[in-house]
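Some notes on the structure that comes next.
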Amino acid sequence: MSQTRTNLLDFDVDRLAAYCGELGEKPFRARQLPRWIHQRGAADFDTMTDLAKSLREKLRDRAEIRSPAIIGDKASADGTRKWLLDVGNGDAVETVFIPEENRGTLCVSSQAGCAVNCRFCSTGKQGFSRNLAVGEIIGQLWMAERLLREQRGTPDERVISNVVMMGMGEPLLNFDNVVTAMRLMLDDNAYGLSRRRVTLSTSGVVPMIDRLAQELPVAMAISLHAPEDKLRDDLVPINRKYPLAELLAACKRYLEFAPRDFITFEYCMLDGVNDSAAQARQLVRLVEGLPCKFNLIPFNPFPESGLLRSPDERVRRFGKVLADAGIVTTIRKTRGDDIDAACGQLAGEVQDRTRLSERSGRAALGGIPVVSMAGSRG
Ligand code: SAH
Ligand code: SF4
């Protein structure tokens with residue numbers, strides 16, 4: 001029965017070898033296994049012809065390669081593709097693929113719901129449900145790569161070149177599973193992505209930023225959203241625990257280990273809340289001395305937030321203040337509007353229709369902004 005099988009997507013490369021050892025096989029006989037799973041996207045042990053037959057038979061009896069069930073799959077005219085995945089108990093998470101001229105980026109979820117509860121985020125409004133398992137995180141990449149190759153008719157050509165941990169959830173609050181999944185993303189026997197091409201986005205869990213620096217320093221994006229503590233306390237409640245001075249100090253420490261020589265700051269533009277020229281100048285003073293880039297994100301509004309998107313002109317003016325101060329600033333452009341990929345609306349629609357979630361207070365909209373960077377303002 002599938003419930004009693006071991007899901008091999010839960011294992012990093014070392015653990016896979018150890019597991020084969022536990023099955024009584026010499027670990028070196030399992031060397032090809034991660035390549036079959038993660039590079040070729042295999043799900044059927046019988047196709048793994050260069051694995052020892054005895055190992056194949058044992059795996060067929062006891063193990064499986066299973067990513068979360070797909071309950072929604074939409075493709076946008078601009079090439080954006082968005083999946084809604086059932087992770088059990090009425091929880092669904094989203095994964096989004098965003099093609100660009102010379103790269104393909106997958107936006108991956110780390111938790112069902114999120115406990116941080118930022119004011120402008122519909123994932124936060126759903127509350128926290130649970131951490132995703134390693135197999136549910138890496139399973140998003142495994143599944144997406146497989147289906148995209150199928151869609152393109154190029155079974156051996158890699159489609160996804162970049163991963164951003166910017167879907168649902170706060171990745172640093174699911175540290176161990178996220179790090180194991182990212183280790184697979186980087187492993188040459190699995191996806192082989194460079195540390196520069198895997199970006200983790202966080203609301204600012206300071207102690208975990210330091211831990212990540214030690215364990216697996218990938219590219220770092222910080223969701224800043226405010227130039228001073230009082231406003232950030234309100235917008236990003238975790239700021240009450242780890243205020244801006246501590247967060248910026250952690251960013252400086254992280255840079256010593258980071259694969260890039262700058263931190264990316266994300267800043268969601270909220271009409272009349274954090275988008276004035278004075279606030280932009282305050283931001284310039286705040287980050288002085290810290291090598292960084294800014295991504296200004298147009299807010300994807302949802303009714304419960306009581307917030308509105310800043311007018312384009314104000315976003316441009318805000319960006320110009322940063323750019324004039326020498327900070328490379330981009331304004332993100334929403335993608336996949338025709339499939340509601342812009343703010344995770346798909347999750348909400350399905351929940352409404354099928355009562356996937358019985359929890360009260362669940363927002364009607366899900367929460368991942370699907371965006372891409374466009375046009376440097378610098
Ligand atoms: N929890 C992590 C990663 C997931 S959120 C974090 O907060 O960084 C990914 C990005 O989407 C964050 O920068 C977040 O602030 C932004 N975001 C959330 N809700 C949004 C919305 N409604 N409109 C625009 N951006 C939003
Ligand atoms: Fe959680 Fe990020 Fe949404 Fe804040 S913005 S509630 S940290 S997912």
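Order determines the names: the first chain of the structure tokens is A, the second B, and so forth; residues in each chain are numbered 1 upward, and ligands are numbered 1 upward as they are shown.
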Checklist entry - If we count only C-alpha atoms, what is near Ala277 in chain A at a cut-off of 8 Å, once residues fewer than 6 positions away on the same chain are taken out, given as a PyMOL selection string? => result chain A and resi 317-318+321
Next on the checklist: as number ranges by chain, please: the residues near His225 in chain A (cut-off 9 Å, only C-alpha atoms, same-chain neighbours under 4 positions excluded).
Outcome noted: A: 231-232, 235-236, 265-270, 274
Checklist entry - What residues have any atom no more than 9 Å from ligand 2 when counting only C-alpha atoms and all ligand atoms, and can you list them as a VMD selection string? => result chain A and resid 109 111 113 to 128 166 to 171 201 to 204 223 235 to 238 367 to 368
Once you count only C-alpha atoms, what closest atom pair and distance in Å to one decimal does each residue of range 82-154 of chain A within 8 Å of range 8-19 of chain A have, with rows by chain and rising residue number, as JSON lines?
```
{"residue": "A:Ala133", "atom": "CA", "partner": "A:Asp10", "partner_atom": "CA", "distance": 7.0}
{"residue": "A:Val134", "atom": "CA", "partner": "A:Asp10", "partner_atom": "CA", "distance": 4.9}
{"residue": "A:Gly135", "atom": "CA", "partner": "A:Asp10", "partner_atom": "CA", "distance": 4.1}
{"residue": "A:Glu136", "atom": "CA", "partner": "A:Asp10", "partner_atom": "CA", "distance": 7.8}
{"residue": "A:Ile138", "atom": "CA", "partner": "A:Leu9", "partner_atom": "CA", "distance": 6.9}
{"residue": "A:Gly139", "atom": "CA", "partner": "A:Leu9", "partner_atom": "CA", "distance": 6.5}
```
Let me see the file: selected residues, C-alpha atoms, as a tab-separated table (two decimals), in the first residue's frame.
```tsv
chain	number	residue	atom	x	y	z
A	133	ALA	CA	8.01	17.41	4.20
A	134	VAL	CA	11.24	17.27	2.18
A	135	GLY	CA	9.48	15.19	-0.48
A	136	GLU	CA	6.69	17.73	-0.73
A	138	ILE	CA	11.61	18.86	-3.67
A	139	GLY	CA	8.59	17.08	-5.17
```
